[in-house]
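Q: Below is the file structure_23.txt, which contains compact mmCIF, N, CA and C atoms.
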# COMPACT_ATOMS: atom_id res chain seq x y z
N MET A 104 -24.54 -24.67 12.67
CA MET A 104 -23.25 -24.37 12.08
C MET A 104 -23.34 -24.17 10.58
N MET A 105 -24.31 -24.71 9.96
CA MET A 105 -24.45 -24.56 8.52
C MET A 105 -24.64 -23.12 8.10
N PRO A 106 -25.47 -22.32 8.80
CA PRO A 106 -25.63 -20.93 8.37
C PRO A 106 -24.32 -20.17 8.37
N GLU A 107 -23.44 -20.43 9.34
CA GLU A 107 -22.16 -19.74 9.38
C GLU A 107 -21.32 -20.07 8.15
N ALA A 108 -21.33 -21.34 7.77
CA ALA A 108 -20.57 -21.72 6.59
C ALA A 108 -21.12 -21.01 5.36
N GLY A 109 -22.43 -20.90 5.30
CA GLY A 109 -23.05 -20.19 4.18
C GLY A 109 -22.67 -18.72 4.18
N MET A 110 -22.60 -18.13 5.38
CA MET A 110 -22.21 -16.72 5.47
C MET A 110 -20.79 -16.53 5.00
N GLY A 111 -19.91 -17.48 5.33
CA GLY A 111 -18.53 -17.39 4.88
C GLY A 111 -18.45 -17.38 3.37
N ASN A 112 -19.24 -18.23 2.74
CA ASN A 112 -19.25 -18.27 1.29
C ASN A 112 -19.80 -16.97 0.72
N GLY A 113 -20.80 -16.42 1.39
CA GLY A 113 -21.36 -15.15 0.94
C GLY A 113 -20.35 -14.03 1.04
N GLN A 114 -19.59 -14.05 2.14
CA GLN A 114 -18.57 -13.02 2.31
C GLN A 114 -17.46 -13.17 1.27
N GLN A 115 -17.10 -14.41 0.97
CA GLN A 115 -16.09 -14.64 -0.06
C GLN A 115 -16.60 -14.18 -1.41
N SER A 116 -17.88 -14.43 -1.64
CA SER A 116 -18.49 -14.01 -2.90
C SER A 116 -18.50 -12.48 -2.99
N GLU A 117 -18.84 -11.82 -1.89
CA GLU A 117 -18.83 -10.35 -1.86
C GLU A 117 -17.42 -9.81 -2.09
N GLU A 118 -16.45 -10.45 -1.45
CA GLU A 118 -15.06 -10.00 -1.63
C GLU A 118 -14.66 -10.15 -3.10
N ARG A 119 -14.98 -11.27 -3.70
CA ARG A 119 -14.64 -11.50 -5.10
C ARG A 119 -15.32 -10.47 -5.99
N ALA A 120 -16.58 -10.19 -5.72
CA ALA A 120 -17.31 -9.18 -6.51
C ALA A 120 -16.68 -7.80 -6.34
N THR A 121 -16.27 -7.47 -5.12
CA THR A 121 -15.63 -6.18 -4.87
C THR A 121 -14.30 -6.10 -5.62
N ARG A 122 -13.52 -7.16 -5.55
CA ARG A 122 -12.24 -7.18 -6.26
C ARG A 122 -12.45 -7.09 -7.77
N ASN A 123 -13.46 -7.78 -8.28
CA ASN A 123 -13.77 -7.69 -9.71
C ASN A 123 -14.18 -6.28 -10.10
N GLY A 124 -14.94 -5.63 -9.22
CA GLY A 124 -15.34 -4.24 -9.46
C GLY A 124 -14.14 -3.32 -9.49
N ILE A 125 -13.22 -3.51 -8.56
CA ILE A 125 -12.00 -2.71 -8.52
C ILE A 125 -11.21 -2.90 -9.81
N GLN A 126 -11.07 -4.15 -10.22
CA GLN A 126 -10.31 -4.44 -11.44
C GLN A 126 -10.97 -3.78 -12.67
N ALA A 127 -12.29 -3.86 -12.76
CA ALA A 127 -12.99 -3.25 -13.89
C ALA A 127 -12.80 -1.73 -13.89
N LEU A 128 -12.89 -1.11 -12.72
CA LEU A 128 -12.69 0.33 -12.63
C LEU A 128 -11.26 0.73 -12.99
N GLU A 129 -10.29 -0.09 -12.56
CA GLU A 129 -8.90 0.19 -12.89
C GLU A 129 -8.67 0.09 -14.40
N LEU A 130 -9.28 -0.91 -15.04
CA LEU A 130 -9.14 -1.05 -16.49
C LEU A 130 -9.76 0.15 -17.20
N ALA A 131 -10.91 0.59 -16.72
CA ALA A 131 -11.56 1.76 -17.31
C ALA A 131 -10.67 2.99 -17.13
N PHE A 132 -10.12 3.15 -15.95
CA PHE A 132 -9.23 4.28 -15.66
C PHE A 132 -8.04 4.27 -16.62
N SER A 133 -7.39 3.11 -16.73
CA SER A 133 -6.22 3.01 -17.60
C SER A 133 -6.59 3.29 -19.05
N GLY A 134 -7.73 2.79 -19.49
CA GLY A 134 -8.17 3.02 -20.86
C GLY A 134 -8.41 4.50 -21.13
N ILE A 135 -9.01 5.18 -20.19
CA ILE A 135 -9.27 6.61 -20.36
C ILE A 135 -7.97 7.39 -20.39
N VAL A 136 -7.04 7.04 -19.50
CA VAL A 136 -5.74 7.71 -19.49
C VAL A 136 -5.04 7.52 -20.83
N LYS A 137 -5.08 6.31 -21.37
CA LYS A 137 -4.45 6.03 -22.67
C LYS A 137 -5.10 6.85 -23.77
N CYS A 138 -6.43 6.88 -23.81
CA CYS A 138 -7.13 7.67 -24.83
C CYS A 138 -6.78 9.14 -24.71
N ARG A 139 -6.73 9.62 -23.49
CA ARG A 139 -6.41 11.03 -23.28
C ARG A 139 -5.00 11.35 -23.76
N GLN A 140 -4.07 10.45 -23.49
CA GLN A 140 -2.70 10.67 -23.95
C GLN A 140 -2.65 10.67 -25.48
N ASP A 141 -3.41 9.78 -26.11
CA ASP A 141 -3.46 9.74 -27.57
C ASP A 141 -4.02 11.05 -28.13
N VAL A 142 -5.10 11.54 -27.51
CA VAL A 142 -5.71 12.79 -27.96
C VAL A 142 -4.75 13.96 -27.75
N ASP A 143 -4.09 13.98 -26.60
CA ASP A 143 -3.13 15.05 -26.33
C ASP A 143 -1.99 15.03 -27.32
N GLY A 144 -1.52 13.83 -27.68
CA GLY A 144 -0.46 13.71 -28.68
C GLY A 144 -0.91 14.22 -30.04
N THR A 145 -2.12 13.86 -30.43
CA THR A 145 -2.66 14.33 -31.70
C THR A 145 -2.81 15.84 -31.68
N ARG A 146 -3.27 16.34 -30.57
CA ARG A 146 -3.45 17.80 -30.43
C ARG A 146 -2.12 18.52 -30.59
N ALA A 147 -1.08 17.97 -29.98
CA ALA A 147 0.24 18.60 -30.08
C ALA A 147 0.73 18.58 -31.52
N ASN A 148 0.52 17.47 -32.21
CA ASN A 148 0.97 17.36 -33.60
C ASN A 148 0.20 18.29 -34.52
N LEU A 149 -1.09 18.43 -34.29
CA LEU A 149 -1.92 19.28 -35.14
C LEU A 149 -1.79 20.76 -34.78
N GLY A 150 -1.43 21.02 -33.55
CA GLY A 150 -1.40 22.40 -33.06
C GLY A 150 -0.52 23.33 -33.85
N THR A 151 0.57 22.82 -34.35
CA THR A 151 1.51 23.70 -35.06
C THR A 151 0.99 24.10 -36.44
N GLY A 152 0.22 23.26 -37.08
CA GLY A 152 -0.20 23.58 -38.44
C GLY A 152 -1.68 23.78 -38.62
N TYR A 153 -2.43 23.75 -37.52
CA TYR A 153 -3.88 23.82 -37.62
C TYR A 153 -4.35 25.13 -37.01
N GLY A 154 -4.41 26.18 -37.82
CA GLY A 154 -4.76 27.50 -37.31
C GLY A 154 -6.13 27.93 -37.76
N GLY A 155 -6.40 29.19 -37.60
CA GLY A 155 -7.69 29.73 -38.00
C GLY A 155 -8.77 29.44 -36.99
N SER A 156 -10.00 29.84 -37.35
CA SER A 156 -11.12 29.67 -36.42
C SER A 156 -11.44 28.21 -36.19
N ASP A 157 -11.30 27.39 -37.24
CA ASP A 157 -11.58 25.97 -37.05
C ASP A 157 -10.56 25.32 -36.12
N GLY A 158 -9.29 25.74 -36.21
CA GLY A 158 -8.27 25.25 -35.30
C GLY A 158 -8.55 25.65 -33.87
N GLY A 159 -9.02 26.90 -33.69
CA GLY A 159 -9.38 27.37 -32.35
C GLY A 159 -10.54 26.60 -31.77
N GLN A 160 -11.53 26.32 -32.59
CA GLN A 160 -12.68 25.55 -32.13
C GLN A 160 -12.28 24.12 -31.77
N PHE A 161 -11.39 23.56 -32.59
CA PHE A 161 -10.89 22.22 -32.30
C PHE A 161 -10.16 22.20 -30.97
N GLY A 162 -9.31 23.21 -30.74
CA GLY A 162 -8.60 23.30 -29.48
C GLY A 162 -9.54 23.45 -28.29
N SER A 163 -10.59 24.24 -28.46
CA SER A 163 -11.58 24.42 -27.40
C SER A 163 -12.31 23.12 -27.10
N LEU A 164 -12.62 22.39 -28.16
CA LEU A 164 -13.30 21.10 -27.99
C LEU A 164 -12.42 20.14 -27.20
N LEU A 165 -11.14 20.08 -27.54
CA LEU A 165 -10.23 19.19 -26.82
C LEU A 165 -10.03 19.63 -25.38
N GLU A 166 -10.01 20.92 -25.15
CA GLU A 166 -9.88 21.42 -23.78
C GLU A 166 -11.10 21.04 -22.95
N GLN A 167 -12.27 21.19 -23.54
CA GLN A 167 -13.50 20.81 -22.85
C GLN A 167 -13.51 19.31 -22.57
N TRP A 168 -13.10 18.53 -23.56
CA TRP A 168 -13.04 17.08 -23.38
C TRP A 168 -12.06 16.74 -22.26
N GLY A 169 -10.92 17.43 -22.22
CA GLY A 169 -9.94 17.19 -21.17
C GLY A 169 -10.50 17.48 -19.79
N ASP A 170 -11.26 18.56 -19.67
CA ASP A 170 -11.89 18.89 -18.38
C ASP A 170 -12.88 17.80 -17.96
N GLN A 171 -13.65 17.32 -18.91
CA GLN A 171 -14.62 16.26 -18.61
C GLN A 171 -13.90 14.97 -18.24
N THR A 172 -12.80 14.72 -18.90
CA THR A 172 -12.01 13.53 -18.60
C THR A 172 -11.47 13.59 -17.17
N GLU A 173 -11.02 14.77 -16.75
CA GLU A 173 -10.54 14.96 -15.38
C GLU A 173 -11.61 14.55 -14.37
N THR A 174 -12.83 14.99 -14.61
CA THR A 174 -13.94 14.67 -13.71
C THR A 174 -14.18 13.17 -13.67
N ILE A 175 -14.19 12.54 -14.83
CA ILE A 175 -14.42 11.10 -14.91
C ILE A 175 -13.31 10.34 -14.19
N LEU A 176 -12.06 10.72 -14.44
CA LEU A 176 -10.94 10.04 -13.78
C LEU A 176 -10.99 10.21 -12.26
N ALA A 177 -11.32 11.39 -11.81
CA ALA A 177 -11.41 11.64 -10.36
C ALA A 177 -12.52 10.78 -9.75
N ASN A 178 -13.65 10.67 -10.44
CA ASN A 178 -14.76 9.85 -9.94
C ASN A 178 -14.40 8.37 -9.92
N LEU A 179 -13.71 7.90 -10.95
CA LEU A 179 -13.28 6.50 -10.97
C LEU A 179 -12.30 6.23 -9.84
N GLN A 180 -11.36 7.13 -9.65
CA GLN A 180 -10.39 6.95 -8.57
C GLN A 180 -11.09 6.93 -7.21
N ASP A 181 -12.08 7.80 -7.02
CA ASP A 181 -12.83 7.83 -5.77
C ASP A 181 -13.55 6.50 -5.53
N MET A 182 -14.16 5.95 -6.58
CA MET A 182 -14.87 4.68 -6.43
C MET A 182 -13.89 3.55 -6.10
N ILE A 183 -12.74 3.55 -6.74
CA ILE A 183 -11.71 2.53 -6.46
C ILE A 183 -11.26 2.62 -5.01
N GLU A 184 -11.01 3.84 -4.54
CA GLU A 184 -10.57 4.02 -3.16
C GLU A 184 -11.64 3.56 -2.17
N LYS A 185 -12.91 3.84 -2.48
CA LYS A 185 -13.99 3.41 -1.58
C LYS A 185 -14.09 1.90 -1.53
N LEU A 186 -13.94 1.23 -2.68
CA LEU A 186 -13.99 -0.23 -2.68
C LEU A 186 -12.79 -0.81 -1.93
N ASN A 187 -11.61 -0.21 -2.10
CA ASN A 187 -10.43 -0.66 -1.36
C ASN A 187 -10.64 -0.48 0.14
N THR A 188 -11.20 0.65 0.52
CA THR A 188 -11.48 0.91 1.94
C THR A 188 -12.44 -0.14 2.48
N SER A 189 -13.42 -0.49 1.69
CA SER A 189 -14.39 -1.51 2.10
C SER A 189 -13.69 -2.84 2.37
N LEU A 190 -12.77 -3.22 1.49
CA LEU A 190 -12.02 -4.47 1.71
C LEU A 190 -11.18 -4.39 2.97
N VAL A 191 -10.50 -3.28 3.17
CA VAL A 191 -9.65 -3.12 4.35
C VAL A 191 -10.49 -3.16 5.62
N GLU A 192 -11.64 -2.51 5.59
CA GLU A 192 -12.52 -2.50 6.76
C GLU A 192 -13.04 -3.89 7.09
N HIS A 193 -13.12 -4.74 6.11
CA HIS A 193 -13.58 -6.12 6.34
C HIS A 193 -12.41 -7.07 6.54
N GLY A 194 -11.22 -6.51 6.84
CA GLY A 194 -10.08 -7.33 7.20
C GLY A 194 -9.40 -8.00 6.03
N LYS A 195 -9.64 -7.53 4.83
CA LYS A 195 -9.02 -8.13 3.66
C LYS A 195 -7.79 -7.31 3.26
N ALA A 196 -6.92 -7.94 2.52
CA ALA A 196 -5.77 -7.21 1.99
C ALA A 196 -6.26 -6.18 1.00
N GLN A 197 -5.48 -5.16 0.82
CA GLN A 197 -5.86 -4.11 -0.13
C GLN A 197 -6.08 -4.73 -1.51
N GLY A 198 -7.13 -4.27 -2.19
CA GLY A 198 -7.53 -4.88 -3.45
C GLY A 198 -6.77 -4.40 -4.66
N SER A 199 -6.15 -3.26 -4.59
CA SER A 199 -5.42 -2.75 -5.75
C SER A 199 -4.35 -1.80 -5.29
N SER A 200 -3.56 -1.40 -6.21
CA SER A 200 -2.46 -0.50 -5.90
C SER A 200 -2.87 0.93 -6.16
N ASN A 201 -3.28 1.63 -5.13
CA ASN A 201 -3.63 3.04 -5.28
C ASN A 201 -2.45 3.84 -5.81
N GLU A 202 -1.26 3.43 -5.41
CA GLU A 202 -0.07 4.14 -5.87
C GLU A 202 0.05 4.08 -7.39
N ALA A 203 -0.23 2.92 -7.99
CA ALA A 203 -0.16 2.79 -9.45
C ALA A 203 -1.22 3.65 -10.11
N ILE A 204 -2.39 3.71 -9.53
CA ILE A 204 -3.47 4.52 -10.08
C ILE A 204 -3.10 6.00 -9.99
N ASN A 205 -2.61 6.40 -8.84
CA ASN A 205 -2.21 7.81 -8.67
C ASN A 205 -1.09 8.19 -9.63
N GLN A 206 -0.18 7.26 -9.87
CA GLN A 206 0.92 7.54 -10.78
C GLN A 206 0.40 7.74 -12.20
N ALA A 207 -0.52 6.88 -12.65
CA ALA A 207 -1.09 7.03 -13.99
C ALA A 207 -1.85 8.35 -14.10
N TYR A 208 -2.57 8.69 -13.06
CA TYR A 208 -3.34 9.93 -13.04
C TYR A 208 -2.39 11.14 -13.13
N THR A 209 -1.32 11.12 -12.36
CA THR A 209 -0.35 12.21 -12.36
C THR A 209 0.34 12.33 -13.71
N GLN A 210 0.71 11.20 -14.30
CA GLN A 210 1.35 11.23 -15.61
C GLN A 210 0.42 11.82 -16.66
N SER A 211 -0.84 11.45 -16.59
CA SER A 211 -1.81 11.98 -17.54
C SER A 211 -1.94 13.48 -17.38
N GLN A 212 -2.06 13.94 -16.14
CA GLN A 212 -2.21 15.37 -15.88
C GLN A 212 -0.96 16.12 -16.31
N SER A 213 0.21 15.54 -16.05
CA SER A 213 1.47 16.18 -16.41
C SER A 213 1.58 16.34 -17.93
N ALA A 214 1.22 15.30 -18.66
CA ALA A 214 1.27 15.37 -20.12
C ALA A 214 0.32 16.45 -20.64
N PHE A 215 -0.87 16.51 -20.05
CA PHE A 215 -1.86 17.49 -20.47
C PHE A 215 -1.36 18.90 -20.15
N ASP A 216 -0.79 19.09 -18.97
CA ASP A 216 -0.28 20.40 -18.56
C ASP A 216 0.83 20.88 -19.50
N GLN A 217 1.71 19.97 -19.90
CA GLN A 217 2.79 20.33 -20.81
C GLN A 217 2.25 20.77 -22.15
N LEU A 218 1.22 20.11 -22.61
CA LEU A 218 0.63 20.49 -23.90
C LEU A 218 -0.06 21.84 -23.82
N MET A 219 -0.59 22.14 -22.66
CA MET A 219 -1.31 23.41 -22.49
C MET A 219 -0.33 24.57 -22.35
N GLY A 220 0.95 24.26 -22.12
CA GLY A 220 1.95 25.33 -22.05
C GLY A 220 2.19 25.72 -20.68
If you took the structure in this file and wrote it as structure tokens, what would it be?

A:
Amino acid sequence: MMPEAGMGNGQQSEERATRNGIQALELAFSGIVKCRQDVDGTRANLGTGYGGSDGGQFGSLLEQWGDQTETILANLQDMIEKLNTSLVEHGKAQGSSNEAINQAYTQSQSAFDQLMG
């Protein structure tokens, strides 16, 4: 009977590690969304008075950064969903709110789309 008790502790430890991983990924996701919103806000403020070739290059740089950010956010969301699925498959309650993550992602994309015109 002792090995079973040890397995239970191992499973609890795995669950805790998975939940910690989900939380860390969610924090990273939120941080990236916040940074992106800050950059988009700065871009909007500078866009009206920052012209010329240097302004165009700056805009291109921010657009490229935005594209890369999209990829990073999508990958983080995918990892979070996979970890949540793992918890559900092992009979645990869902580890995080996918709805909250999707909402932050949509808000970020919406803000970016508005700035792009």

Q: Calculate how many Å separate atom N of Val191 (chain A) from CA of Val136 (chain A), rounding to one decimal.

A: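 These two atoms are separated by 25.6 Å.
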
Q: Set the distance at 8 Å and use only N, CA and C atoms: which residues neighbour Met182 (chain A) once local chain neighbours fewer than 4 positions away are removed? I'd like the list as an NGL selection string.

A: :A and (124-125 or 128 or 176-178 or 186-188)

Q: Determine, counting only N, CA and C atoms, every residue of protein, DNA or RNA that lies within 6 Å of (-10.6, 10.9, -21.6) in the file coordinates, then give the result as number ranges by chain.

A: A: 135-136, 138-139, 172

Q: So how many Å separate atom C of Gly158 (chain A) and CA of Lys137 (chain A), to one decimal?

A: 23.0 Å

Q: What's the separation between atom C of Glu192 (chain A) and CA of Ser133 (chain A), in Å to one decimal place?

A: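 Going from atom C of Glu192 (chain A) over to CA of Ser133 (chain A) covers 26.5 Å.
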